[in-house]
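Visitor: Would you mind keeping the following structure in view while I ask a few things?
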Amino acid sequence: MWPFLKKWDPRGQHCYVTGGSSGLGLAVAVSLASRGADVSIVARNEERLAAALEQIGGARQSPDQKFHSYSYSLTDPDASAAALEAASESHGGKMPDAIFLCAGSSAPRFFVEEDAKSLQKGMDNSYWVQAYSALAYAKHIAKEKTPGKIVFVSSLLGYMSLIGYASYAPGKHALRGLAETLRSEMILYECSVHIMFPGNIDSPGYVEENRIKPKITLEIESTDKPESPEALANSLIEGAFSEFAPKFLMPGSYVLKGVQRGDFHIAPGMLGDIFRSSAVGSTPHHNFLLDGVYSVIGYFALPVWRRGVDSTIMKHRKEHEEYLASKSFFG
């Protein structure tokens, strides 16, 4: 529909990746480097940035590729803008051709254990850590009148949520709202917008998260196998083969998601596609026929899944009261 939404090739492009020192951000940076892109990564920990930069360099395809790292706290709006400016300086002052906003973290706990400070921190680490960078980038794209690309990373919890994620899921839902808005507005500046909704990611952040995650949340998620950052990075950039795409439904085209193809919502895996199709609203479809099949599956399966989750939570009620009592919650 729009010229700048045709298949995108990262080769020779300057790609800016937040959260690029570990997990999905690092995997995205390595994947982009292996496709011939110049890559700038941003995170806070300088030691991990140095190690990540070495790993990215191992994926080099050309001696002309440029790889840089920058240490900034992206939950601060001024620092987010400064990080983009710093990355631009190594490319003649030109803004990156694409930004991949992978930074974020989660600290699951019960809502009644939260306070105003922890709720704000949850929004900082799930929403503002990406929104501030998107704002600074959008302003430059509009002023410089150059095409661009913004890629957000939400979560499967941006389509739904469950117990334990009161400080995290709201920010991921908010990212979806922001991406929906910018997809419409950034058409004015030939800047495409994409958003990914991955499930659990096998990363250092996931390990840390599980250390404090409520027992009931761990139980509900016990059947969910976390995806590798590398597999998700490839799904985000290049797309992935559908798990439910027989040839009679989609002759000659199995790839359903990916920034390179220009897809807006990118939800890896069949479960992601079911949630995406069930919550699509006015969001562009990938394939009308196949999305229809997924939405029918979701119409029947998701309420059953939710009833199962609620039943599991109710069985946990006594144990939960004992937990709160052990924390002196009742005074």
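Residues are referred to by chain and number: the chain letter is A, B, ... according to the order shown in the structure tokens, the number counts from 1 in that chain, and ligands are numbered separately from 1 in the order shown.
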Can you list, as a PyMOL selection string, all residues belonging to stretch 134-321 of chain A that DSSP tags as strand (DSSP E or B)?

Guide: chain A and resi 148-153+165+191-196+201+227+241+255+265-266

Visitor: Contacts of A:Glu238 at 6 Å or less, counting only C-alpha atoms, minus same-chain residues fewer than 2 places along, as a list in words?

Guide: Asn234, Ser235, Gly258 and Gln260 of chain A

Visitor: Kindly save the residues from that selection, with N, CA and C atoms included, as a PDB file, in the first residue's frame.

Guide:
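That gives us part24.pdb:
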```pdb
ATOM      1  N   ASN A 234      15.176 -13.685  14.730  1.00  0.00           N
ATOM      2  CA  ASN A 234      14.948 -14.025  13.330  1.00  0.00           C
ATOM      3  C   ASN A 234      13.480 -13.862  12.955  1.00  0.00           C
ATOM      4  N   SER A 235      12.579 -14.245  13.883  1.00  0.00           N
ATOM      5  CA  SER A 235      11.145 -14.062  13.625  1.00  0.00           C
ATOM      6  C   SER A 235      10.803 -12.590  13.479  1.00  0.00           C
ATOM      7  N   GLY A 258       7.103 -10.455  10.203  1.00  0.00           N
ATOM      8  CA  GLY A 258       8.480 -10.012  10.114  1.00  0.00           C
ATOM      9  C   GLY A 258       8.605  -8.577   9.633  1.00  0.00           C
ATOM     10  N   GLN A 260      10.993  -7.330   7.819  1.00  0.00           N
ATOM     11  CA  GLN A 260      11.398  -7.267   6.420  1.00  0.00           C
ATOM     12  C   GLN A 260      10.205  -7.313   5.475  1.00  0.00           C
TER      13      GLN A 260
END
```

Visitor: Please identify every residue of stretch 75-164 of chain A that has at least one atom no farther than 7 Å from an atom of stretch 207-214 of chain A, counting only C-alpha atoms, and for each give the shortest atom pair and the distance in Å to one decimal, arranged by chain then increasing number, as JSON lines.

Guide:
```
{"residue": "A:Ser106", "atom": "CA", "partner": "A:Glu209", "partner_atom": "CA", "distance": 6.4}
{"residue": "A:Ala107", "atom": "CA", "partner": "A:Glu209", "partner_atom": "CA", "distance": 5.9}
{"residue": "A:Pro108", "atom": "CA", "partner": "A:Lys213", "partner_atom": "CA", "distance": 5.1}
{"residue": "A:Arg109", "atom": "CA", "partner": "A:Pro214", "partner_atom": "CA", "distance": 5.8}
{"residue": "A:Gly164", "atom": "CA", "partner": "A:Pro214", "partner_atom": "CA", "distance": 6.4}
```

Visitor: Need the shell around A:Asn45: protein/DNA/RNA residues with any atom at most 12 Å away, counting only C-alpha atoms. Skip same-chain ones fewer than 4 positions apart. Format as a ChimeraX atom specification?

Guide: /A:19-22,41,49-52,69-74

Visitor: Limited to N, CA and C atoms, could you put the picked residues into a file as an mmCIF file, in the first residue's frame?

Guide:
```
data_model
loop_
_atom_site.group_PDB
_atom_site.id
_atom_site.type_symbol
_atom_site.label_atom_id
_atom_site.label_comp_id
_atom_site.auth_asym_id
_atom_site.auth_seq_id
_atom_site.Cartn_x
_atom_site.Cartn_y
_atom_site.Cartn_z
ATOM 1 N N GLY A 19 18.628 -2.000 24.720
ATOM 2 C CA GLY A 19 18.689 -3.277 25.418
ATOM 3 C C GLY A 19 19.605 -4.246 24.702
ATOM 4 N N GLY A 20 20.596 -3.706 23.993
ATOM 5 C CA GLY A 20 21.421 -4.520 23.099
ATOM 6 C C GLY A 20 22.569 -5.256 23.758
ATOM 7 N N SER A 21 22.661 -5.223 25.078
ATOM 8 C CA SER A 21 23.782 -5.883 25.741
ATOM 9 C C SER A 21 23.485 -7.326 26.129
ATOM 10 N N SER A 22 22.220 -7.750 26.048
ATOM 11 C CA SER A 22 21.868 -9.125 26.432
ATOM 12 C C SER A 22 20.487 -9.480 25.899
ATOM 13 N N ILE A 41 24.355 -0.233 19.659
ATOM 14 C CA ILE A 41 23.587 -0.788 20.774
ATOM 15 C C ILE A 41 23.662 0.148 21.975
ATOM 16 N N LEU A 49 28.096 -4.270 27.657
ATOM 17 C CA LEU A 49 28.103 -3.664 26.326
ATOM 18 C C LEU A 49 29.369 -4.044 25.561
ATOM 19 N N ALA A 50 30.502 -4.024 26.249
ATOM 20 C CA ALA A 50 31.771 -4.366 25.598
ATOM 21 C C ALA A 50 31.770 -5.822 25.131
ATOM 22 N N ALA A 51 31.235 -6.714 25.981
ATOM 23 C CA ALA A 51 31.169 -8.125 25.609
ATOM 24 C C ALA A 51 30.197 -8.327 24.445
ATOM 25 N N ALA A 52 29.097 -7.596 24.472
ATOM 26 C CA ALA A 52 28.104 -7.705 23.402
ATOM 27 C C ALA A 52 28.679 -7.210 22.080
ATOM 28 N N SER A 69 28.785 0.993 20.718
ATOM 29 C CA SER A 69 27.945 0.813 21.906
ATOM 30 C C SER A 69 27.930 2.107 22.709
ATOM 31 N N TYR A 70 26.821 2.328 23.423
ATOM 32 C CA TYR A 70 26.630 3.550 24.196
ATOM 33 C C TYR A 70 25.944 3.214 25.507
ATOM 34 N N SER A 71 26.441 3.816 26.585
ATOM 35 C CA SER A 71 25.871 3.568 27.909
ATOM 36 C C SER A 71 24.983 4.733 28.325
ATOM 37 N N TYR A 72 23.685 4.483 28.369
ATOM 38 C CA TYR A 72 22.710 5.488 28.789
ATOM 39 C C TYR A 72 21.565 4.806 29.534
ATOM 40 N N SER A 73 20.920 5.546 30.422
ATOM 41 C CA SER A 73 19.715 5.066 31.098
ATOM 42 C C SER A 73 18.507 5.546 30.307
ATOM 43 N N LEU A 74 17.832 4.633 29.653
ATOM 44 C CA LEU A 74 16.771 5.008 28.711
ATOM 45 C C LEU A 74 15.414 5.244 29.376
#
```

Visitor: Please extract the residues of stretch 94-168 of chain A with a backbone DSSP assignment of alpha helix (DSSP H) and present them as a ChimeraX atom specification.

Guide: /A:116-123,129-144

Visitor: A:Ala279: which residues within 12 Å, counting only C-alpha atoms, same-chain residues fewer than 6 positions away excluded, as a list in words?

Guide: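 Those residues are Leu156, Gly158, Tyr159, Met160, His173, Arg176, His265, Ala267, Gly272, Asp273, His285, Asp291, Gly292, Tyr294, Ser295, Val296, Gly298, Tyr299 and Leu302 of chain A.
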
Visitor: Find the distance between atom CA of A:Ser62 and atom CA of A:Glu47 and write it in Å to one decimal.

Guide: 25.4 Å

Visitor: Hey, can you check how far atom CA of A:Lys145 sits from atom CA of A:His91?

Guide: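 Value for the atom CA of A:Lys145-atom CA of A:His91 distance: 16.8 Å.
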
Visitor: Identify, on the basis of only C-alpha atoms, every residue whose closest approach to A:Ser228 does not exceed 12 Å; exclude the query and any residue fewer than 2 positions from it along the same chain; express the result as number ranges by chain.

Guide: A: 23-28, 198-204, 206, 225-226, 230-235, 268

Visitor: Considering only C-alpha atoms, can you say which of A:Phe67, A:Leu218, A:Thr312, A:Gly177 comes closest to A:Gly281?

Guide: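 For A:Gly281, the nearest of the candidates is A:Gly177.
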
Visitor: Which residue, A:Leu162, A:Val153, A:Ile237, A:Ala83, has the smallest gap to A:Arg307 when you use only C-alpha atoms?

Guide: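 That would be A:Leu162, the residue with the smallest distance to A:Arg307.
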
Visitor: With distances taken over only C-alpha atoms, which of A:Phe330, A:Trp8, A:Tyr137, A:Trp128 is nearest to A:Leu84?

Guide: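 Under the stated criterion, the closest residue is A:Tyr137.
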
Visitor: My list of candidates is A:Ile141, A:Ile56, A:Ala86, A:Val151. Which is closest to A:Tyr189 when distances are computed with only C-alpha atoms?

Guide: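 Under the stated criterion, the closest residue is A:Ile141.
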
Visitor: Write out as a list in words which residues come within 10 Å of A:Thr75 when counting only C-alpha atoms, dropping same-chain ones fewer than 3 positions away.

Guide: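 Everything that qualifies: Tyr72, Asp78, Ala79, Ser80, Ala103, Gly104, Lys121, Met123, Asp124, Asn125, Ser126, Tyr127, Trp128, Val129, Gln130, Ala131, Tyr132 and Ser133 of chain A.
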